[in-house]
Amino acid sequence: MQLDREDENILAGEYGETRQKMMEILVALGKVFGAEELVPITSAQISGASYKTIGEWGLEWLRNLAARVAVLSVLNPVGMPRDNWRDIGISKEFADKQLAVMDAYRKLGVKMECTCTPYYLYTNLTMQDHLAWSESSAVSYVNSVIGAKTNREGGPSALAAAIIGKTPKYGLHLFKNRMPQVTVEVEDSDALHAGHFGAIGYLAGKEVGNRIPYFTNIRASRDQLKALGAAMAATGAVALYHVKGITPEARLPTFAPEPSEKIVIEASEIESLFKEKEIDAVAVGCPHCSAEELAKISDLLAGRKVKKPLYIFSSKGVKDANAGIVSKIQKTGAKVIEDTCIVVSPAMDKFDTIMVDSGKAFAYVPNMCGAEARLGSLEECIEEAVR
Ligand code: F3S
């Protein structure tokens, strides 16, 4: 792989041991995947930030690093909200460890935004941007809906790219690798409502695996595309998808023709995922809620009181920018929680059955929270919480 003079010097250790190690990670990755060069990135989103997932070993590794990130870098959700962790039953022992992880990242220059939706906070992303993002739904959204370019990085490789300011140019950084590989058609697509998109993603991901799907007959808002992509990344390994006439690359004149292999998602399959069952908590905001979703939740809750625990996850940035709406929601008894999420926080582990409006959470809750999951639309989730 071709390195410039400065990169060679970093690799030789002239800029310290941490930068040397980080360059070694990037070069090793580049060699494995056949990259010819490194490409400068404009931002990084780093997973491996919850103490629940990285544990003591991860914390020690981070503490031993001595460098600063070279580009705007944020974290994936961590295991608790940084301030009000007691409100969701987090133990002091866990909180101390989680705060130590965040402190280690802060010393590296990482911005304390802990979210899987950094695209709501940094809105100047374009199709020209190369990124090193980690969280699967964030990767899917930024590749597909914005048209920026990132592979799905692991925590260490995203951090290495953040510190060096570059990433190996292979995979989805190359336009030729971003063409659709399988066509997906959704039966009765005119009858779809917002809550169906997570379910479609849940089903499509299982069929598509790690290929690039091309949806030919759906209309979807950005929040619906977010739900679709997050679920496909959870049940499959979809890091990029296209939607005819909607996503940016699908509108380029150079876009490839419709792939001949076709998958049909049947209406009955979608409906079969929405099964009634008794629940003991409701959690929405996977991926983290947008401002529009918070406003919708506030409208749905207006004049009502929550009877079952209702957890709403969002980023600190979006929450702070919508403080009035958040305050209205919290007055109903619901909790709007920043920095963490359904899956990476131990707070949800105490429930037996959790209702979610997200195909991704529906896929992950059984294994990651040890609970049964019930899928519903956002409206049904709120209704269940106030009933
Ligand atoms: Fe985000 Fe956590 Fe869901 S990282 S996509 S809220 S599982």
# chains A, B, ... in the order shown; residues from 1 in each chain; ligands from 1
$ closest_atom_pairs --of "chain A" --to "ligand 1" --cutoff "8 Å" --atoms "only C-alpha atoms and all ligand atoms" --output "tab-separated table"
residue	atom	partner	partner_atom_place_in_ligand_line	distance
A:Asn76	CA	ligand 1	4 (S)	6.3
A:Pro77	CA	ligand 1	4 (S)	5.6
A:Thr115	CA	ligand 1	4 (S)	6.8
A:Cys116	CA	ligand 1	1 (Fe)	4.6
A:Thr117	CA	ligand 1	1 (Fe)	7.3
A:Glu135	CA	ligand 1	4 (S)	6.5
A:Ser136	CA	ligand 1	5 (S)	7.3
A:Ser137	CA	ligand 1	5 (S)	5.3
A:Ala138	CA	ligand 1	5 (S)	7.4
A:Ala230	CA	ligand 1	5 (S)	6.0
A:Gly285	CA	ligand 1	6 (S)	6.1
A:Cys286	CA	ligand 1	3 (Fe)	3.7
A:Pro287	CA	ligand 1	5 (S)	3.7
A:His288	CA	ligand 1	6 (S)	5.2
A:Phe313	CA	ligand 1	6 (S)	7.0
A:Ser314	CA	ligand 1	6 (S)	8.0
A:Thr340	CA	ligand 1	2 (Fe)	7.1
A:Cys341	CA	ligand 1	2 (Fe)	4.6
A:Ile342	CA	ligand 1	2 (Fe)	5.9
A:Val343	CA	ligand 1	7 (S)	4.8
A:Val344	CA	ligand 1	2 (Fe)	6.2
A:Ser358	CA	ligand 1	3 (Fe)	7.9
A:Lys360	CA	ligand 1	3 (Fe)	6.3
A:Ala361	CA	ligand 1	7 (S)	5.9
A:Tyr364	CA	ligand 1	7 (S)	7.2
$ write_last_selection --atoms "N, CA and C atoms" --output "mmCIF file, in the first residue's frame"
data_model
loop_
_atom_site.group_PDB
_atom_site.id
_atom_site.type_symbol
_atom_site.label_atom_id
_atom_site.label_comp_id
_atom_site.auth_asym_id
_atom_site.auth_seq_id
_atom_site.Cartn_x
_atom_site.Cartn_y
_atom_site.Cartn_z
ATOM 1 N N ASN A 76 -20.059 6.195 19.866
ATOM 2 C CA ASN A 76 -21.308 5.448 19.814
ATOM 3 C C ASN A 76 -21.976 5.585 21.194
ATOM 4 N N PRO A 77 -23.257 5.238 21.340
ATOM 5 C CA PRO A 77 -23.869 5.283 22.673
ATOM 6 C C PRO A 77 -23.050 4.517 23.722
ATOM 7 N N THR A 115 -23.661 8.876 20.353
ATOM 8 C CA THR A 115 -24.891 8.654 19.589
ATOM 9 C C THR A 115 -24.653 7.836 18.331
ATOM 10 N N CYS A 116 -25.706 7.136 17.929
ATOM 11 C CA CYS A 116 -25.671 6.427 16.647
ATOM 12 C C CYS A 116 -26.282 7.286 15.547
ATOM 13 N N THR A 117 -26.658 8.526 15.859
ATOM 14 C CA THR A 117 -27.202 9.418 14.824
ATOM 15 C C THR A 117 -26.422 10.738 14.763
ATOM 16 N N GLU A 135 -20.845 2.373 13.964
ATOM 17 C CA GLU A 135 -22.130 1.769 14.360
ATOM 18 C C GLU A 135 -22.932 1.431 13.106
ATOM 19 N N SER A 136 -23.484 0.233 13.079
ATOM 20 C CA SER A 136 -24.021 -0.288 11.813
ATOM 21 C C SER A 136 -25.145 0.567 11.244
ATOM 22 N N SER A 137 -26.032 1.086 12.085
ATOM 23 C CA SER A 137 -27.144 1.883 11.542
ATOM 24 C C SER A 137 -26.650 3.242 11.054
ATOM 25 N N ALA A 138 -25.661 3.795 11.754
ATOM 26 C CA ALA A 138 -25.092 5.086 11.339
ATOM 27 C C ALA A 138 -24.377 4.931 10.002
ATOM 28 N N ALA A 230 -31.349 0.509 9.674
ATOM 29 C CA ALA A 230 -30.878 -0.006 10.974
ATOM 30 C C ALA A 230 -31.244 -1.469 11.119
ATOM 31 N N GLY A 285 -36.563 4.869 20.101
ATOM 32 C CA GLY A 285 -35.346 5.657 19.892
ATOM 33 C C GLY A 285 -34.172 4.765 19.561
ATOM 34 N N CYS A 286 -34.405 3.772 18.709
ATOM 35 C CA CYS A 286 -33.331 2.907 18.206
ATOM 36 C C CYS A 286 -33.472 2.865 16.689
ATOM 37 N N PRO A 287 -32.648 3.575 15.936
ATOM 38 C CA PRO A 287 -31.620 4.535 16.331
ATOM 39 C C PRO A 287 -32.192 5.755 17.079
ATOM 40 N N HIS A 288 -31.290 6.500 17.685
ATOM 41 C CA HIS A 288 -31.668 7.664 18.496
ATOM 42 C C HIS A 288 -32.678 8.556 17.772
ATOM 43 N N PHE A 313 -34.930 7.163 23.731
ATOM 44 C CA PHE A 313 -33.484 7.414 23.615
ATOM 45 C C PHE A 313 -33.192 8.401 22.488
ATOM 46 N N SER A 314 -32.294 9.330 22.790
ATOM 47 C CA SER A 314 -31.867 10.305 21.783
ATOM 48 C C SER A 314 -30.441 10.740 22.121
ATOM 49 N N THR A 340 -27.102 6.954 25.764
ATOM 50 C CA THR A 340 -27.093 5.498 25.828
ATOM 51 C C THR A 340 -28.235 4.938 24.999
ATOM 52 N N CYS A 341 -28.466 3.647 25.070
ATOM 53 C CA CYS A 341 -29.552 3.086 24.256
ATOM 54 C C CYS A 341 -30.093 1.799 24.846
ATOM 55 N N ILE A 342 -31.160 1.329 24.222
ATOM 56 C CA ILE A 342 -31.861 0.118 24.658
ATOM 57 C C ILE A 342 -30.880 -1.032 24.867
ATOM 58 N N VAL A 343 -29.943 -1.141 23.942
ATOM 59 C CA VAL A 343 -29.111 -2.336 23.886
ATOM 60 C C VAL A 343 -27.833 -2.226 24.718
ATOM 61 N N VAL A 344 -27.192 -1.075 24.715
ATOM 62 C CA VAL A 344 -25.884 -1.006 25.386
ATOM 63 C C VAL A 344 -25.979 -0.598 26.857
ATOM 64 N N SER A 358 -38.737 -0.526 16.721
ATOM 65 C CA SER A 358 -37.548 -0.594 15.870
ATOM 66 C C SER A 358 -37.248 -2.034 15.483
ATOM 67 N N LYS A 360 -34.449 -3.069 14.455
ATOM 68 C CA LYS A 360 -33.129 -3.405 15.002
ATOM 69 C C LYS A 360 -33.251 -3.829 16.465
ATOM 70 N N ALA A 361 -33.979 -3.047 17.254
ATOM 71 C CA ALA A 361 -34.149 -3.404 18.670
ATOM 72 C C ALA A 361 -34.889 -4.732 18.784
ATOM 73 N N TYR A 364 -32.338 -7.335 18.469
ATOM 74 C CA TYR A 364 -31.255 -7.389 19.460
ATOM 75 C C TYR A 364 -31.704 -7.607 20.902
#
$ residues_around --residues "Gly370 (chain A)" --least-positions-apart "6" --cutoff "10 Å" --atoms "only C-alpha atoms" --output "list in words"
Met348, Asp349, Lys350, Phe351, Asp352, Thr353 and Tyr364 of chain A
$ closest_atom_pairs --of "region 156-226 of chain A" --to "region 5-12 of chain A" --cutoff "12 Å" --atoms "only C-alpha atoms" --output "JSON lines"
{"residue": "A:Ile163", "atom": "CA", "partner": "A:Ile10", "partner_atom": "CA", "distance": 11.2}
{"residue": "A:Ile164", "atom": "CA", "partner": "A:Asp7", "partner_atom": "CA", "distance": 8.6}
{"residue": "A:Gly165", "atom": "CA", "partner": "A:Asp7", "partner_atom": "CA", "distance": 10.6}
{"residue": "A:Lys166", "atom": "CA", "partner": "A:Asp7", "partner_atom": "CA", "distance": 9.8}
{"residue": "A:Thr167", "atom": "CA", "partner": "A:Asp7", "partner_atom": "CA", "distance": 11.6}
$ select_by_dssp --residues "region 30-180 of chain A" --states "helix (DSSP H, G or I)" --output "number ranges by chain"
A: 30-32, 51-63, 85-88, 92-107, 118-120, 136-146, 155-164, 171-173, 175-178
$ residues_around --residues "region 26-36 of chain A" --least-positions-apart "4" --cutoff "12 Å" --atoms "only C-alpha atoms" --output "ChimeraX atom specification"
/A:1-4,7-8,10-11,19-22,132,151,153-154,156-174
$ atom_distance --atom1 "CA of Ala227 (chain A)" --atom2 "CA of Ile46 (chain A)"
20.7 Å
$ atom_distance --atom1 "CA of Ser377 (chain A)" --atom2 "CA of Gly89 (chain A)"
26.9 Å
$ residues_around --residues "region 235-245 of chain A" --least-positions-apart "6" --cutoff "7 Å" --atoms "only C-alpha atoms" --output "ChimeraX atom specification"
/A:136,139-140,143-144,152,202,205-206,208-216,251,363
$ closest_residue --among "A:Glu207, A:Asp129, A:Glu383, A:Ala283" --to "Val356 (chain A)" --atoms "only C-alpha atoms"
A:Ala283
$ select_by_dssp --residues "region 25-208 of chain A" --states "strand (DSSP E or B)" --output "list of chain:residue names"
A:Glu37, A:Leu38, A:Val39, A:Pro40, A:Ser43, A:Ala44, A:Gln45, A:Ile46, A:Leu72, A:Ser73, A:Val74, A:Leu75, A:Cys114, A:His130, A:Leu131, A:Ala132, A:Trp133, A:Lys149, A:Arg152, A:Lys166, A:Thr167, A:Pro168, A:Val182, A:Thr183, A:Val184, A:Glu185, A:Val186
$ residues_around --residues "Ala291 (chain A)" --least-positions-apart "4" --cutoff "8 Å" --atoms "only C-alpha atoms" --output "list in words"
Ala295, Val318, Lys319 and Asn322 of chain A
$ closest_atom_pairs --of "region 178-212 of chain A" --to "region 253-269 of chain A" --cutoff "6 Å" --atoms "only C-alpha atoms" --output "Markdown table"
| residue | atom | partner | partner_atom | distance |
| --- | --- | --- | --- | --- |
| A:Gln181 | CA | A:Pro259 | CA | 5.7 |
| A:Val182 | CA | A:Pro259 | CA | 5.2 |
| A:Thr183 | CA | A:Lys262 | CA | 4.6 |
| A:Val184 | CA | A:Ile263 | CA | 4.9 |
| A:Glu185 | CA | A:Val264 | CA | 4.9 |
| A:Val186 | CA | A:Ile265 | CA | 4.8 |
| A:Glu187 | CA | A:Glu266 | CA | 5.1 |
$ residues_around --residues "Met112 (chain A)" --least-positions-apart "4" --cutoff "7 Å" --atoms "only C-alpha atoms" --output "list in words"
Val74, Leu75 and Arg106 of chain A
$ write_last_selection --atoms "N, CA and C atoms" --output "CSV table (one decimal), in the first residue's frame"
chain,number,residue,atom,x,y,z
A,74,VAL,N,-16.7,11.4,17.3
A,74,VAL,CA,-17.7,11.2,18.3
A,74,VAL,C,-17.8,9.7,18.7
A,75,LEU,N,-18.6,9.5,19.8
A,75,LEU,CA,-18.7,8.1,20.3
A,75,LEU,C,-20.0,7.5,19.9
A,106,ARG,N,-12.2,11.4,26.1
A,106,ARG,CA,-12.1,12.9,26.1
A,106,ARG,C,-10.6,13.3,26.0
$ closest_residue --among "A:Val284, A:Val386, A:Ile200, A:Val145" --to "Glu271 (chain A)" --atoms "only C-alpha atoms"
A:Ile200
$ atom_distance --atom1 "CA of Tyr120 (chain A)" --atom2 "CA of Leu72 (chain A)"
14.4 Å
$ residues_around --residues "Lys328 (chain A)" --least-positions-apart "5" --cutoff "10 Å" --atoms "only C-alpha atoms" --output "PDB file with N, CA and C atoms, in the first residue's frame"
ATOM      1  N   ALA A 295     -40.898  15.367  18.584  1.00  0.00           N
ATOM      2  CA  ALA A 295     -42.118  16.191  18.482  1.00  0.00           C
ATOM      3  C   ALA A 295     -43.346  15.294  18.320  1.00  0.00           C
ATOM      4  N   ILE A 297     -43.691  12.187  19.378  1.00  0.00           N
ATOM      5  CA  ILE A 297     -43.943  11.517  20.669  1.00  0.00           C
ATOM      6  C   ILE A 297     -44.640  12.480  21.627  1.00  0.00           C
ATOM      7  N   SER A 298     -44.180  13.725  21.628  1.00  0.00           N
ATOM      8  CA  SER A 298     -44.794  14.732  22.505  1.00  0.00           C
ATOM      9  C   SER A 298     -46.268  14.905  22.151  1.00  0.00           C
ATOM     10  N   ASP A 299     -46.573  14.948  20.853  1.00  0.00           N
ATOM     11  CA  ASP A 299     -47.983  15.076  20.422  1.00  0.00           C
ATOM     12  C   ASP A 299     -48.800  13.863  20.866  1.00  0.00           C
ATOM     13  N   LEU A 301     -48.315  11.963  23.345  1.00  0.00           N
ATOM     14  CA  LEU A 301     -48.456  11.892  24.807  1.00  0.00           C
ATOM     15  C   LEU A 301     -49.252  13.058  25.386  1.00  0.00           C
ATOM     16  N   ALA A 302     -49.580  14.036  24.576  1.00  0.00           N
ATOM     17  CA  ALA A 302     -50.193  15.276  25.101  1.00  0.00           C
ATOM     18  C   ALA A 302     -51.430  14.973  25.949  1.00  0.00           C
ATOM     19  N   GLY A 303     -51.436  15.512  27.167  1.00  0.00           N
ATOM     20  CA  GLY A 303     -52.586  15.362  28.061  1.00  0.00           C
ATOM     21  C   GLY A 303     -52.718  13.978  28.677  1.00  0.00           C
ATOM     22  N   ALA A 323     -35.271  21.207  24.106  1.00  0.00           N
ATOM     23  CA  ALA A 323     -35.513  21.126  25.559  1.00  0.00           C
ATOM     24  C   ALA A 323     -36.991  21.308  25.910  1.00  0.00           C
ATOM     25  N   GLY A 333     -44.322  11.491  32.615  1.00  0.00           N
ATOM     26  CA  GLY A 333     -43.751  10.341  33.319  1.00  0.00           C
ATOM     27  C   GLY A 333     -42.793   9.534  32.458  1.00  0.00           C
ATOM     28  N   ALA A 334     -42.714   9.854  31.161  1.00  0.00           N
ATOM     29  CA  ALA A 334     -41.753   9.149  30.294  1.00  0.00           C
ATOM     30  C   ALA A 334     -40.349   9.677  30.569  1.00  0.00           C
TER      31      ALA A 334
END
$ closest_residue --among "A:Tyr119, A:Trp133, A:Phe274, A:Phe175" --to "Cys289 (chain A)" --atoms "only C-alpha atoms"
A:Tyr119
$ closest_residue --among "A:Phe362, A:Ile218, A:Ile41, A:Ile270" --to "His196 (chain A)" --atoms "only C-alpha atoms"
A:Ile270
$ decode --residues "region 170-233 of chain A" --atoms "C-alpha atoms" --output "CSV table (one decimal), in the first residue's frame"
chain,number,residue,atom,x,y,z
A,170,TYR,CA,-11.2,-0.1,-0.1
A,171,GLY,CA,-14.7,-1.5,0.0
A,172,LEU,CA,-17.4,1.2,0.1
A,173,HIS,CA,-14.9,4.0,-0.3
A,174,LEU,CA,-14.7,3.0,-4.0
A,175,PHE,CA,-17.7,3.9,-6.2
A,176,LYS,CA,-17.4,0.7,-8.2
A,177,ASN,CA,-18.2,-1.3,-5.0
A,178,ARG,CA,-21.3,0.6,-4.3
A,179,MET,CA,-23.6,-0.8,-7.0
A,180,PRO,CA,-26.7,-2.7,-6.1
A,181,GLN,CA,-26.6,-6.5,-6.1
A,182,VAL,CA,-30.1,-7.6,-5.4
A,183,THR,CA,-33.5,-6.1,-6.1
A,184,VAL,CA,-36.1,-5.9,-3.3
A,185,GLU,CA,-39.8,-5.3,-4.0
A,186,VAL,CA,-42.3,-4.8,-1.2
A,187,GLU,CA,-45.8,-6.2,-1.7
A,188,ASP,CA,-48.7,-3.7,-1.3
A,189,SER,CA,-46.2,-0.9,-0.8
A,190,ASP,CA,-48.9,1.7,-1.1
A,191,ALA,CA,-50.5,0.5,2.1
A,192,LEU,CA,-47.3,0.8,4.2
A,193,HIS,CA,-47.3,3.0,7.3
A,194,ALA,CA,-44.3,4.5,9.1
A,195,GLY,CA,-44.1,1.6,11.6
A,196,HIS,CA,-43.6,-1.0,8.8
A,197,PHE,CA,-40.1,0.2,7.7
A,198,GLY,CA,-38.3,-1.4,10.6
A,199,ALA,CA,-40.2,-4.7,9.9
A,200,ILE,CA,-39.3,-4.5,6.2
A,201,GLY,CA,-35.6,-4.0,7.1
A,202,TYR,CA,-35.8,-6.9,9.6
A,203,LEU,CA,-37.1,-9.2,6.9
A,204,ALA,CA,-34.9,-7.9,4.1
A,205,GLY,CA,-31.7,-8.1,6.1
A,206,LYS,CA,-32.2,-11.9,6.6
A,207,GLU,CA,-32.6,-12.4,2.9
A,208,VAL,CA,-30.0,-10.0,1.6
A,209,GLY,CA,-27.1,-10.8,4.1
A,210,ASN,CA,-24.2,-8.6,3.3
A,211,ARG,CA,-25.2,-7.6,-0.3
A,212,ILE,CA,-26.3,-4.2,-1.4
A,213,PRO,CA,-30.1,-4.1,-1.9
A,214,TYR,CA,-32.0,-1.9,-4.3
A,215,PHE,CA,-35.6,-1.2,-3.3
A,216,THR,CA,-37.7,-0.4,-6.3
A,217,ASN,CA,-41.2,0.5,-5.1
A,218,ILE,CA,-41.1,2.2,-1.7
A,219,ARG,CA,-41.6,5.9,-0.8
A,220,ALA,CA,-40.0,6.8,2.6
A,221,SER,CA,-39.1,9.8,4.7
A,222,ARG,CA,-35.6,10.1,6.1
A,223,ASP,CA,-36.7,8.7,9.5
A,224,GLN,CA,-38.3,5.7,7.8
A,225,LEU,CA,-35.1,5.1,5.8
A,226,LYS,CA,-33.2,5.3,9.1
A,227,ALA,CA,-35.5,2.5,10.5
A,228,LEU,CA,-35.2,0.4,7.4
A,229,GLY,CA,-31.4,0.6,7.2
A,230,ALA,CA,-30.9,0.0,11.0
A,231,ALA,CA,-32.9,-3.2,10.9
A,232,MET,CA,-31.2,-4.5,7.7
A,233,ALA,CA,-27.8,-3.9,9.3
